[in-house]
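Each remark here refers to the structure printed beneath this line.
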Amino acid sequence: MSIQQQAPSTTLKVGVVGIGWAGQQHLKAYSNIDGVEIVAVAGMEQDLLAQLKEEYSIPHAFARWEDMIELEGLDAVSVAVPTFLHAPIAIASLERGLHVLSEKPLARNAVEGQQMVDAARKAGRVLDVAFNHRRRGDIQALKEVIDAGTLGRPYYAKASWLRRQGIPMLGSWFTNPELAGGGPLADIGVHVLDYSLHLLGEPKVLAVSASTHSELGPRGLGGNARYTASNSSHKFEVEDFASAFIRLEGGGTLILEAGWATYRDERDLMDFTVYGTDGGADLRSVGASENPVADVHVFTEKDGENADFEVVAEPGRAHQAVVDDFIAAVRGGETVWGSHDGSLALSRALVLDACYKSALEQREVVL
């Protein structure tokens with residue numbers, strides 16, 4: 001099918017595939033941007049689909065995404081569905097000449113991710129991925145401290161996102177490797193990997209040594225009260241905890257942990273600790289999903305005396321910032337589109353693949 005030309009109108013017409021929590025974040029964000037019109041939404045839950053169609057005054061609603069992307073005049077789509085559908089929907093949309101904003105992770109694996117990137121490059125269209133946690137205000141504030149050279153050269157970092165009973169929808173597609181691509185490493189660990197490398201200045205990953213564990217999920221433990229083993233439609237076939245030792249170019253080290261279910265404090269923890277040649281920093285968000293701003297401490301010295309301080313940050317704008325950036329890239333024209341081809345998300349997928357390979361073969365994997 002030939003690629004349709006970008007609509008000349010200054011109003012961008014967008015559609016959203018997927019009407020769960022993530023899809024609703026995209027709808028809300030688009031509705032807040034001047035010059036953007038939500039013209040279509042696609043989802044399987046008919047009652048919710050009708051509700052959102054009315055709430056956002058969306059003219060077209062579809063049960064099938066294939067029908068939605070055929071809509072004439074559509075400029076861009078958000079893909080907010082289970083991971084196994086990211087590649088087919090994104091590739092088909094790009095081939096139609098549509099710009100694509102996909103939820104994370106990019107795809108189930110780097111092979112599919114590469115296909116998505118190739119499709120974006122061939123079509124000359126934007127492919128962005130929703131890494132909303134790097135948009136947290138505390139992450140951005142710490143980034144400013146690091147970039148200013150306050151810590152000197154960072155050489156060691158440790159980051160995690162840990163839950164006690166946080167298996168999402170126990171027994172759903174999240175716990176099936178063919179549908180999800182992996183467990184917490186792919187689900188929340190990709191956020192940790194992304195914001196960590198972002199904070200460190202995007203050093204190249206040279207090698208990984210990882211381990212995965214599946215101790216609670218297979219026994220029906222680690223889910224919340226709503227999603228239990230008794231109403232499972234899929235077996236638990238992914239990890240519920242993962243850790244990785246990541247070697248970085250320049251001699252740096254990143255230790256990463258991601259856990260859906262571990263015997264620990266009942267509140268989520270998302271954190272990042274970094275040691276540099278001239279200082280260190282600690283970002284710690286207890287109750288991660290509910291806490292919009294983490295505690296951030298910087299440790300350094302001046303004239304031989306401790307000169308530690310706290311970083312004050314405002315809440316970030318999460319998916320609104322992601323969608324704003326996507327729309328800005330689309331409006332930036334062809335000179336901008338080439339730098340938004342999904343390459344950064346693909347680099348994350350390559351690291352995740354190496355981690356899973358390392359865990360399976362119990363050896364270090366060189367990238």
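So you can find residues: chains in the structure tokens are A, B, ... in the order shown, residues in each start at 1, and ligands are numbered from 1 in order.
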
Which residues of stretch 244-316 of chain A have any atom within 12 Å of an atom in stretch 335-357 of chain A when counting only C-alpha atoms, and what is the closest pair of atoms for each, with the distance in Å to one decimal? Order the rows by chain and rising number and write it as a tab-separated table.
```
residue	atom	partner	partner_atom	distance
A:Ala244	CA	A:Cys355	CA	6.8
A:Phe245	CA	A:Cys355	CA	9.0
A:Ile246	CA	A:Cys355	CA	9.0
A:Arg247	CA	A:Val351	CA	10.9
A:Leu248	CA	A:Val351	CA	11.4
A:Ile255	CA	A:Cys355	CA	12.0
A:Leu256	CA	A:Cys355	CA	10.5
A:Glu257	CA	A:Cys355	CA	11.5
A:Ala258	CA	A:Leu352	CA	11.8
```

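Ranking A:Ala329, A:Ala50, A:Pro203, A:Pro315 by their shortest atom-to-atom distance to A:Arg153, with only C-alpha atoms included, puts A:Pro203 first.
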
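For the set A:Ile89, A:Leu162, A:Ala288, A:Ala207, the residue with the smallest atom-to-atom gap to A:Thr262 is A:Leu162, counting only C-alpha atoms.
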
Helix (DSSP H, G or I) positions in stretch 32-180 of chain A, given as a ChimeraX atom specification: /A:46-55,65-68,83-95,110-123,132-135,137-147,173-175,177-180

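Taking atom CA of A:Asp265 and atom CA of A:Thr253 as the two end points, the separation is 26.6 Å.
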
Selection near A:Glu237, 7 Å with only C-alpha atoms, sequence-local residues under 5 positions removed, as a PyMOL selection string: chain A and resi 175-177

Selection above as a file: all heavy atoms, as a tab-separated table (two decimals), in the first residue's frame:
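This is the output file again_18.tsv:
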```
chain	number	residue	atom	x	y	z
A	175	THR	N	2.14	-12.19	32.05
A	175	THR	CA	2.93	-13.31	32.56
A	175	THR	C	3.23	-14.36	31.50
A	175	THR	O	3.74	-15.43	31.81
A	175	THR	CB	2.22	-13.96	33.76
A	175	THR	OG1	1.02	-14.60	33.32
A	175	THR	CG2	1.88	-12.94	34.82
A	176	ASN	N	2.91	-14.04	30.24
A	176	ASN	CA	3.16	-14.94	29.13
A	176	ASN	C	4.30	-14.37	28.28
A	176	ASN	O	4.17	-13.30	27.70
A	176	ASN	CB	1.89	-15.10	28.28
A	176	ASN	CG	2.06	-16.08	27.15
A	176	ASN	OD1	3.03	-16.03	26.41
A	176	ASN	ND2	1.11	-16.98	27.00
A	177	PRO	N	5.43	-15.06	28.19
A	177	PRO	CA	6.58	-14.50	27.46
A	177	PRO	C	6.32	-14.26	25.99
A	177	PRO	O	6.90	-13.35	25.40
A	177	PRO	CB	7.68	-15.55	27.67
A	177	PRO	CG	6.96	-16.82	28.00
A	177	PRO	CD	5.73	-16.39	28.75
```

Shell around A:Val330 at 9 Å using only C-alpha atoms, local window under 4 positions removed, as a ChimeraX atom specification: /A:12,76,99,125-126,325-326,334,336-337

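Going from atom CA of A:Asp240 over to atom CA of A:Gly183, you cover 6.1 Å.
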
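Interatomic distance, atom CA of A:Glu239 against atom CA of A:Ala90: 26.7 Å.
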
Need to verify the contact set: A:Gly259, 10 Å, only C-alpha atoms, exclusion of same-chain residues closer than 3 positions in sequence. Can you return it as an mmCIF file with all heavy atoms, in the first residue's frame?
```
data_model
loop_
_atom_site.group_PDB
_atom_site.id
_atom_site.type_symbol
_atom_site.label_atom_id
_atom_site.label_comp_id
_atom_site.auth_asym_id
_atom_site.auth_seq_id
_atom_site.Cartn_x
_atom_site.Cartn_y
_atom_site.Cartn_z
ATOM 1 N N SER A 160 16.972 0.684 40.861
ATOM 2 C CA SER A 160 16.002 -0.401 40.977
ATOM 3 C C SER A 160 14.571 0.117 40.950
ATOM 4 O O SER A 160 14.308 1.295 41.184
ATOM 5 C CB SER A 160 16.226 -1.182 42.277
ATOM 6 O OG SER A 160 15.913 -0.388 43.411
ATOM 7 N N TRP A 161 13.687 -0.801 40.655
ATOM 8 C CA TRP A 161 12.253 -0.609 40.884
ATOM 9 C C TRP A 161 11.774 -1.938 41.465
ATOM 10 O O TRP A 161 11.788 -2.973 40.786
ATOM 11 C CB TRP A 161 11.522 -0.282 39.587
ATOM 12 C CG TRP A 161 10.094 0.163 39.816
ATOM 13 C CD1 TRP A 161 9.294 -0.088 40.892
ATOM 14 C CD2 TRP A 161 9.296 0.948 38.925
ATOM 15 N NE1 TRP A 161 8.067 0.491 40.738
ATOM 16 C CE2 TRP A 161 8.036 1.136 39.538
ATOM 17 C CE3 TRP A 161 9.527 1.509 37.671
ATOM 18 C CZ2 TRP A 161 7.005 1.859 38.936
ATOM 19 C CZ3 TRP A 161 8.501 2.226 37.070
ATOM 20 C CH2 TRP A 161 7.262 2.405 37.688
ATOM 21 N N LEU A 162 11.364 -1.894 42.725
ATOM 22 C CA LEU A 162 11.004 -3.112 43.445
ATOM 23 C C LEU A 162 9.610 -3.011 44.039
ATOM 24 O O LEU A 162 9.237 -1.979 44.597
ATOM 25 C CB LEU A 162 12.022 -3.375 44.566
ATOM 26 C CG LEU A 162 13.488 -3.518 44.138
ATOM 27 C CD1 LEU A 162 14.384 -3.614 45.365
ATOM 28 C CD2 LEU A 162 13.661 -4.736 43.242
ATOM 29 N N ARG A 163 8.867 -4.087 43.926
ATOM 30 C CA ARG A 163 7.530 -4.179 44.505
ATOM 31 C C ARG A 163 7.461 -5.392 45.426
ATOM 32 O O ARG A 163 8.241 -6.332 45.286
ATOM 33 C CB ARG A 163 6.475 -4.330 43.402
ATOM 34 C CG ARG A 163 6.378 -3.172 42.432
ATOM 35 C CD ARG A 163 5.460 -3.518 41.274
ATOM 36 N NE ARG A 163 5.277 -2.407 40.348
ATOM 37 C CZ ARG A 163 4.680 -2.505 39.163
ATOM 38 N NH1 ARG A 163 4.209 -3.689 38.766
ATOM 39 N NH2 ARG A 163 4.549 -1.462 38.390
ATOM 40 N N ARG A 164 6.494 -5.363 46.307
ATOM 41 C CA ARG A 164 6.256 -6.536 47.142
ATOM 42 C C ARG A 164 5.182 -7.424 46.522
ATOM 43 O O ARG A 164 5.373 -8.627 46.377
ATOM 44 C CB ARG A 164 5.833 -6.137 48.558
ATOM 45 C CG ARG A 164 5.572 -7.360 49.429
ATOM 46 C CD ARG A 164 5.546 -7.039 50.889
ATOM 47 N NE ARG A 164 5.358 -8.248 51.693
ATOM 48 C CZ ARG A 164 5.553 -8.292 52.999
ATOM 49 N NH1 ARG A 164 5.937 -7.205 53.658
ATOM 50 N NH2 ARG A 164 5.370 -9.423 53.652
ATOM 51 N N GLN A 165 4.049 -6.834 46.175
ATOM 52 C CA GLN A 165 2.963 -7.575 45.532
ATOM 53 C C GLN A 165 2.519 -6.780 44.315
ATOM 54 O O GLN A 165 1.454 -6.176 44.310
ATOM 55 C CB GLN A 165 1.805 -7.789 46.508
ATOM 56 C CG GLN A 165 2.148 -8.731 47.653
ATOM 57 C CD GLN A 165 0.976 -8.923 48.596
ATOM 58 O OE1 GLN A 165 0.442 -7.967 49.147
ATOM 59 N NE2 GLN A 165 0.558 -10.175 48.770
ATOM 60 N N GLY A 166 3.352 -6.801 43.302
ATOM 61 C CA GLY A 166 3.096 -5.937 42.159
ATOM 62 C C GLY A 166 3.093 -6.626 40.822
ATOM 63 O O GLY A 166 3.384 -6.002 39.796
ATOM 64 N N ILE A 167 2.764 -7.927 40.788
ATOM 65 C CA ILE A 167 2.624 -8.589 39.495
ATOM 66 C C ILE A 167 1.372 -8.031 38.829
ATOM 67 O O ILE A 167 0.273 -8.162 39.363
ATOM 68 C CB ILE A 167 2.513 -10.115 39.640
ATOM 69 C CG1 ILE A 167 3.788 -10.684 40.268
ATOM 70 C CG2 ILE A 167 2.246 -10.766 38.277
ATOM 71 C CD1 ILE A 167 3.710 -12.165 40.578
ATOM 72 N N GLY A 183 9.244 -10.532 32.001
ATOM 73 C CA GLY A 183 8.566 -10.132 33.227
ATOM 74 C C GLY A 183 8.921 -8.715 33.642
ATOM 75 O O GLY A 183 8.920 -7.800 32.807
ATOM 76 N N PRO A 184 9.264 -8.514 34.914
ATOM 77 C CA PRO A 184 9.533 -7.158 35.397
ATOM 78 C C PRO A 184 10.724 -6.486 34.724
ATOM 79 O O PRO A 184 10.762 -5.255 34.640
ATOM 80 C CB PRO A 184 9.780 -7.349 36.895
ATOM 81 C CG PRO A 184 10.150 -8.792 37.047
ATOM 82 C CD PRO A 184 9.345 -9.502 36.001
ATOM 83 N N LEU A 185 11.681 -7.255 34.235
ATOM 84 C CA LEU A 185 12.810 -6.635 33.545
ATOM 85 C C LEU A 185 12.327 -5.895 32.306
ATOM 86 O O LEU A 185 12.765 -4.773 32.014
ATOM 87 C CB LEU A 185 13.852 -7.693 33.163
ATOM 88 C CG LEU A 185 15.141 -7.170 32.523
ATOM 89 C CD1 LEU A 185 15.876 -6.220 33.459
ATOM 90 C CD2 LEU A 185 16.045 -8.341 32.134
ATOM 91 N N ASP A 187 9.097 -5.025 31.785
ATOM 92 C CA ASP A 187 7.968 -4.158 32.125
ATOM 93 C C ASP A 187 8.409 -2.872 32.823
ATOM 94 O O ASP A 187 8.239 -1.773 32.304
ATOM 95 C CB ASP A 187 6.980 -4.923 32.990
ATOM 96 C CG ASP A 187 5.796 -4.071 33.424
ATOM 97 O OD1 ASP A 187 5.333 -3.234 32.623
ATOM 98 O OD2 ASP A 187 5.333 -4.230 34.568
ATOM 99 N N ILE A 188 9.000 -3.001 34.002
ATOM 100 C CA ILE A 188 9.438 -1.818 34.747
ATOM 101 C C ILE A 188 10.955 -1.648 34.709
ATOM 102 O O ILE A 188 11.464 -0.537 34.855
ATOM 103 C CB ILE A 188 8.932 -1.851 36.205
ATOM 104 C CG1 ILE A 188 9.345 -3.148 36.909
ATOM 105 C CG2 ILE A 188 7.425 -1.675 36.239
ATOM 106 C CD1 ILE A 188 8.905 -3.235 38.365
ATOM 107 N N GLY A 189 11.686 -2.734 34.491
ATOM 108 C CA GLY A 189 13.139 -2.646 34.405
ATOM 109 C C GLY A 189 13.587 -1.800 33.235
ATOM 110 O O GLY A 189 14.626 -1.134 33.300
ATOM 111 N N THR A 212 17.823 -14.091 36.557
ATOM 112 C CA THR A 212 16.378 -13.951 36.744
ATOM 113 C C THR A 212 15.887 -15.032 37.692
ATOM 114 O O THR A 212 16.450 -16.126 37.762
ATOM 115 C CB THR A 212 15.619 -14.057 35.407
ATOM 116 O OG1 THR A 212 15.922 -15.324 34.799
ATOM 117 C CG2 THR A 212 15.996 -12.936 34.456
ATOM 118 N N HIS A 213 14.817 -14.710 38.414
ATOM 119 C CA HIS A 213 14.238 -15.651 39.368
ATOM 120 C C HIS A 213 12.726 -15.644 39.213
ATOM 121 O O HIS A 213 12.124 -14.608 38.941
ATOM 122 C CB HIS A 213 14.606 -15.260 40.801
ATOM 123 C CG HIS A 213 16.083 -15.176 41.040
ATOM 124 N ND1 HIS A 213 16.830 -16.266 41.424
ATOM 125 C CD2 HIS A 213 16.952 -14.142 40.919
ATOM 126 C CE1 HIS A 213 18.101 -15.899 41.547
ATOM 127 N NE2 HIS A 213 18.198 -14.609 41.237
ATOM 128 N N GLU A 239 9.951 -14.182 34.629
ATOM 129 C CA GLU A 239 10.588 -13.969 35.925
ATOM 130 C C GLU A 239 9.727 -13.056 36.792
ATOM 131 O O GLU A 239 8.884 -12.303 36.263
ATOM 132 C CB GLU A 239 11.987 -13.379 35.729
ATOM 133 C CG GLU A 239 12.048 -11.870 35.510
ATOM 134 C CD GLU A 239 11.732 -11.424 34.089
ATOM 135 O OE1 GLU A 239 11.397 -12.289 33.248
ATOM 136 O OE2 GLU A 239 11.807 -10.217 33.825
ATOM 137 N N ASP A 240 9.914 -13.135 38.122
ATOM 138 C CA ASP A 240 9.305 -12.127 38.985
ATOM 139 C C ASP A 240 10.351 -11.221 39.632
ATOM 140 O O ASP A 240 10.018 -10.245 40.305
ATOM 141 C CB ASP A 240 8.385 -12.749 40.045
ATOM 142 C CG ASP A 240 9.026 -13.871 40.832
ATOM 143 O OD1 ASP A 240 10.249 -13.837 41.044
ATOM 144 O OD2 ASP A 240 8.291 -14.800 41.249
ATOM 145 N N PHE A 241 11.636 -11.537 39.408
ATOM 146 C CA PHE A 241 12.730 -10.689 39.874
ATOM 147 C C PHE A 241 13.925 -10.861 38.945
ATOM 148 O O PHE A 241 14.194 -11.964 38.469
ATOM 149 C CB PHE A 241 13.149 -11.056 41.300
ATOM 150 C CG PHE A 241 14.279 -10.214 41.838
ATOM 151 C CD1 PHE A 241 14.016 -8.998 42.441
ATOM 152 C CD2 PHE A 241 15.599 -10.621 41.705
ATOM 153 C CE1 PHE A 241 15.050 -8.197 42.917
ATOM 154 C CE2 PHE A 241 16.644 -9.837 42.177
ATOM 155 C CZ PHE A 241 16.364 -8.615 42.783
ATOM 156 N N ALA A 242 14.610 -9.753 38.679
ATOM 157 C CA ALA A 242 15.792 -9.811 37.815
ATOM 158 C C ALA A 242 16.833 -8.828 38.319
ATOM 159 O O ALA A 242 16.512 -7.773 38.871
ATOM 160 C CB ALA A 242 15.419 -9.481 36.373
ATOM 161 N N SER A 243 18.097 -9.186 38.117
ATOM 162 C CA SER A 243 19.196 -8.272 38.440
ATOM 163 C C SER A 243 20.229 -8.362 37.325
ATOM 164 O O SER A 243 20.364 -9.399 36.665
ATOM 165 C CB SER A 243 19.840 -8.616 39.785
ATOM 166 O OG SER A 243 20.423 -9.909 39.746
ATOM 167 N N THR A 262 8.670 -9.456 45.766
ATOM 168 C CA THR A 262 9.748 -9.846 46.668
ATOM 169 C C THR A 262 9.286 -9.569 48.092
ATOM 170 O O THR A 262 8.475 -8.672 48.334
ATOM 171 C CB THR A 262 11.038 -9.030 46.404
ATOM 172 O OG1 THR A 262 10.726 -7.634 46.416
ATOM 173 C CG2 THR A 262 11.671 -9.392 45.084
ATOM 174 N N ASP A 268 6.232 0.360 47.039
ATOM 175 C CA ASP A 268 7.181 0.298 45.918
ATOM 176 C C ASP A 268 8.405 1.155 46.216
ATOM 177 O O ASP A 268 8.308 2.175 46.901
ATOM 178 C CB ASP A 268 6.537 0.848 44.644
ATOM 179 C CG ASP A 268 5.558 -0.109 44.020
ATOM 180 O OD1 ASP A 268 5.140 -1.052 44.695
ATOM 181 O OD2 ASP A 268 5.195 0.112 42.852
ATOM 182 N N LEU A 269 9.534 0.757 45.661
ATOM 183 C CA LEU A 269 10.743 1.567 45.727
ATOM 184 C C LEU A 269 11.296 1.754 44.325
ATOM 185 O O LEU A 269 11.524 0.786 43.602
ATOM 186 C CB LEU A 269 11.807 0.912 46.599
ATOM 187 C CG LEU A 269 13.186 1.592 46.575
ATOM 188 C CD1 LEU A 269 13.111 2.984 47.209
ATOM 189 C CD2 LEU A 269 14.240 0.739 47.264
#
```

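Closest approach to A:Gly250 among A:Glu202, A:Glu310, A:Asp282, A:Glu112: A:Glu202, based on only C-alpha atoms.
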
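All residues of protein, DNA or RNA that reach within 9 Å of A:Leu85, judged by only C-alpha atoms and not counting those fewer than 6 positions away in the chain, are Val79, Ala107, Arg108 and Leu179 of chain A.
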
Deliver the residues from the most recent selection as a file, using N, CA and C atoms, as a short mmCIF file (atom, residue, chain, number, x, y, z; two decimals), in the first residue's frame.
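Below you can see part.cif, which holds the result:
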```cif
data_model
loop_
_atom_site.label_atom_id
_atom_site.label_comp_id
_atom_site.auth_asym_id
_atom_site.auth_seq_id
_atom_site.Cartn_x
_atom_site.Cartn_y
_atom_site.Cartn_z
N VAL A 79 0.17 3.72 20.16
CA VAL A 79 0.01 2.28 20.30
C VAL A 79 0.15 1.95 21.78
N ALA A 107 9.34 -3.40 21.81
CA ALA A 107 8.75 -4.63 21.27
C ALA A 107 9.12 -5.79 22.20
N ARG A 108 8.73 -7.00 21.81
CA ARG A 108 9.06 -8.17 22.64
C ARG A 108 10.55 -8.44 22.67
N LEU A 179 3.62 -13.12 24.76
CA LEU A 179 2.81 -11.91 24.63
C LEU A 179 3.52 -10.69 25.18
#
```
